[in-house]
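K.L.:
I'd like to ask some things about the structure below.
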Amino acid sequence: MIPAIEEIIAMLAKGECTQDQALQWIGSHIDLATQDAALRDHFATTAAIGRDAEGNIQARSAVAVMGEQPPTWEGNDLKAMAWWCDAEARIRYLKAESMMKARII
């Protein structure tokens with residue numbers, strides 16, 4: 001088992017491990033954090049999210065994560081499109097966070 005980073009630093013200070021061992025353990029923590037971040041991003045990009053019959057994300061979900069109503073569409077309105085993209089990203093990462101939590105239960 002890899003000690004927590006605080007424990008590694010304390011062990012190194014007490015001479016209970018070598019610098020090489022400490023660096024290896026700390027590197028393992030970094031590798032695990034990177035793997036978790038990559039897995040979170042994977043979950044976010046592949047997560048199935050609720051869509052209506054036209055393939056749009058559900059307005060109720062979008063409003064819930066954005067905390068406000070969407071701007072109105074006026075032709076090819078970039079502001080409205082950005083709002084909906086932000087809403088979808090938030091929904092995806094909310095679901096990814098839940099998936100990450102479920103892994104440790």
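Chain lettering (A, B, ...) mirrors the order of the structure tokens, residue numbering begins at 1 for each chain separately, and ligand numbering begins at 1 in order of display.
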Determine, counting only C-alpha atoms, which protein, DNA and RNA residues have an atom within 12 Å of an atom of Glu97 (chain A); residues of the same chain fewer than 6 positions away are not included. Present the result as a ChimeraX atom specification.

P.N.:
/A:36-37,39-44,47,90-91,103-104

K.L.:
Limited to C-alpha atoms, could you put the picked residues into a file as an mmCIF file, in the first residue's frame?

P.N.:
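result_6.cif, freshly written:
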```cif
data_model
loop_
_atom_site.group_PDB
_atom_site.id
_atom_site.type_symbol
_atom_site.label_atom_id
_atom_site.label_comp_id
_atom_site.auth_asym_id
_atom_site.auth_seq_id
_atom_site.Cartn_x
_atom_site.Cartn_y
_atom_site.Cartn_z
ATOM 1 C CA ASP A 36 -8.711 9.469 -12.195
ATOM 2 C CA ALA A 37 -8.782 12.733 -14.153
ATOM 3 C CA LEU A 39 -11.366 8.477 -16.296
ATOM 4 C CA ARG A 40 -13.548 11.416 -15.213
ATOM 5 C CA ASP A 41 -13.085 13.010 -18.638
ATOM 6 C CA HIS A 42 -13.848 9.677 -20.315
ATOM 7 C CA PHE A 43 -17.073 9.349 -18.328
ATOM 8 C CA ALA A 44 -18.047 12.922 -19.229
ATOM 9 C CA ALA A 47 -22.051 9.538 -20.646
ATOM 10 C CA ARG A 90 -22.162 20.723 -16.863
ATOM 11 C CA ILE A 91 -24.664 17.869 -17.112
ATOM 12 C CA ARG A 103 -16.616 3.494 -8.114
ATOM 13 C CA ILE A 104 -15.650 3.772 -4.433
#
```

K.L.:
Would you return as an NGL selection string the members of chain A that DSSP assigns to helix (DSSP H, G or I) on this structure's backbone?

P.N.:
:A and (5-14 or 19-46 or 59-66 or 78-103)

K.L.:
For the residues selected in the previous step, produce a file with C-alpha atoms as a PDB file, in the first residue's frame.

P.N.:
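Result file follows (result-v3.pdb):
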```
ATOM      1  CA  ILE A   5       1.770  12.073   0.768  1.00  0.00           C
ATOM      2  CA  GLU A   6       1.849  13.589   4.266  1.00  0.00           C
ATOM      3  CA  GLU A   7       3.066  10.253   5.646  1.00  0.00           C
ATOM      4  CA  ILE A   8       5.734  10.019   2.949  1.00  0.00           C
ATOM      5  CA  ILE A   9       7.098  13.443   3.844  1.00  0.00           C
ATOM      6  CA  ALA A  10       7.121  12.579   7.549  1.00  0.00           C
ATOM      7  CA  MET A  11       8.841   9.240   6.875  1.00  0.00           C
ATOM      8  CA  LEU A  12      11.465  10.962   4.743  1.00  0.00           C
ATOM      9  CA  ALA A  13      12.095  13.569   7.439  1.00  0.00           C
ATOM     10  CA  LYS A  14      12.543  10.814  10.049  1.00  0.00           C
ATOM     11  CA  GLN A  19      14.521   9.763  -1.148  1.00  0.00           C
ATOM     12  CA  ASP A  20      14.135   7.340  -4.065  1.00  0.00           C
ATOM     13  CA  GLN A  21      11.348   5.475  -2.248  1.00  0.00           C
ATOM     14  CA  ALA A  22       9.619   8.762  -1.399  1.00  0.00           C
ATOM     15  CA  LEU A  23       9.807   9.952  -5.010  1.00  0.00           C
ATOM     16  CA  GLN A  24       8.480   6.626  -6.267  1.00  0.00           C
ATOM     17  CA  TRP A  25       5.516   6.739  -3.866  1.00  0.00           C
ATOM     18  CA  ILE A  26       4.755  10.382  -4.684  1.00  0.00           C
ATOM     19  CA  GLY A  27       4.972   9.503  -8.390  1.00  0.00           C
ATOM     20  CA  SER A  28       2.415   6.757  -7.801  1.00  0.00           C
ATOM     21  CA  HIS A  29       0.041   9.329  -6.271  1.00  0.00           C
ATOM     22  CA  ILE A  30       0.485  11.557  -9.325  1.00  0.00           C
ATOM     23  CA  ASP A  31      -0.145   8.606 -11.671  1.00  0.00           C
ATOM     24  CA  LEU A  32      -3.345   7.707  -9.796  1.00  0.00           C
ATOM     25  CA  ALA A  33      -4.563  11.307  -9.887  1.00  0.00           C
ATOM     26  CA  THR A  34      -3.874  11.477 -13.620  1.00  0.00           C
ATOM     27  CA  GLN A  35      -5.718   8.207 -14.186  1.00  0.00           C
ATOM     28  CA  ASP A  36      -8.711   9.469 -12.195  1.00  0.00           C
ATOM     29  CA  ALA A  37      -8.782  12.733 -14.153  1.00  0.00           C
ATOM     30  CA  ALA A  38      -8.609  10.836 -17.439  1.00  0.00           C
ATOM     31  CA  LEU A  39     -11.366   8.477 -16.296  1.00  0.00           C
ATOM     32  CA  ARG A  40     -13.548  11.416 -15.213  1.00  0.00           C
ATOM     33  CA  ASP A  41     -13.085  13.010 -18.638  1.00  0.00           C
ATOM     34  CA  HIS A  42     -13.848   9.677 -20.315  1.00  0.00           C
ATOM     35  CA  PHE A  43     -17.073   9.349 -18.328  1.00  0.00           C
ATOM     36  CA  ALA A  44     -18.047  12.922 -19.229  1.00  0.00           C
ATOM     37  CA  THR A  45     -17.516  12.439 -22.943  1.00  0.00           C
ATOM     38  CA  THR A  46     -19.240   9.073 -23.168  1.00  0.00           C
ATOM     39  CA  ALA A  59     -34.527  21.886 -21.069  1.00  0.00           C
ATOM     40  CA  ARG A  60     -35.448  21.101 -17.462  1.00  0.00           C
ATOM     41  CA  SER A  61     -32.017  19.564 -16.833  1.00  0.00           C
ATOM     42  CA  ALA A  62     -30.232  22.420 -18.596  1.00  0.00           C
ATOM     43  CA  VAL A  63     -32.023  25.078 -16.568  1.00  0.00           C
ATOM     44  CA  ALA A  64     -31.286  23.179 -13.352  1.00  0.00           C
ATOM     45  CA  VAL A  65     -27.522  23.082 -13.923  1.00  0.00           C
ATOM     46  CA  MET A  66     -27.298  26.609 -15.333  1.00  0.00           C
ATOM     47  CA  LEU A  78     -24.011  32.394 -30.696  1.00  0.00           C
ATOM     48  CA  LYS A  79     -24.934  33.389 -27.121  1.00  0.00           C
ATOM     49  CA  ALA A  80     -27.791  30.877 -26.992  1.00  0.00           C
ATOM     50  CA  MET A  81     -25.664  28.174 -28.568  1.00  0.00           C
ATOM     51  CA  ALA A  82     -22.877  28.768 -26.019  1.00  0.00           C
ATOM     52  CA  TRP A  83     -25.433  28.583 -23.164  1.00  0.00           C
ATOM     53  CA  TRP A  84     -26.685  25.190 -24.381  1.00  0.00           C
ATOM     54  CA  CYS A  85     -23.115  23.890 -24.864  1.00  0.00           C
ATOM     55  CA  ASP A  86     -22.222  24.990 -21.316  1.00  0.00           C
ATOM     56  CA  ALA A  87     -25.358  23.293 -20.002  1.00  0.00           C
ATOM     57  CA  GLU A  88     -24.505  20.031 -21.739  1.00  0.00           C
ATOM     58  CA  ALA A  89     -20.933  20.108 -20.420  1.00  0.00           C
ATOM     59  CA  ARG A  90     -22.162  20.723 -16.863  1.00  0.00           C
ATOM     60  CA  ILE A  91     -24.664  17.869 -17.112  1.00  0.00           C
ATOM     61  CA  ARG A  92     -21.984  15.537 -18.462  1.00  0.00           C
ATOM     62  CA  TYR A  93     -19.490  16.381 -15.702  1.00  0.00           C
ATOM     63  CA  LEU A  94     -22.181  16.152 -13.036  1.00  0.00           C
ATOM     64  CA  LYS A  95     -22.899  12.632 -14.260  1.00  0.00           C
ATOM     65  CA  ALA A  96     -19.158  11.857 -14.466  1.00  0.00           C
ATOM     66  CA  GLU A  97     -18.696  12.971 -10.831  1.00  0.00           C
ATOM     67  CA  SER A  98     -21.486  10.610  -9.791  1.00  0.00           C
ATOM     68  CA  MET A  99     -19.850   7.787 -11.732  1.00  0.00           C
ATOM     69  CA  MET A 100     -16.514   8.484  -9.997  1.00  0.00           C
ATOM     70  CA  LYS A 101     -18.224   8.404  -6.569  1.00  0.00           C
ATOM     71  CA  ALA A 102     -19.993   5.138  -7.426  1.00  0.00           C
ATOM     72  CA  ARG A 103     -16.616   3.494  -8.114  1.00  0.00           C
TER      73      ARG A 103
END
```
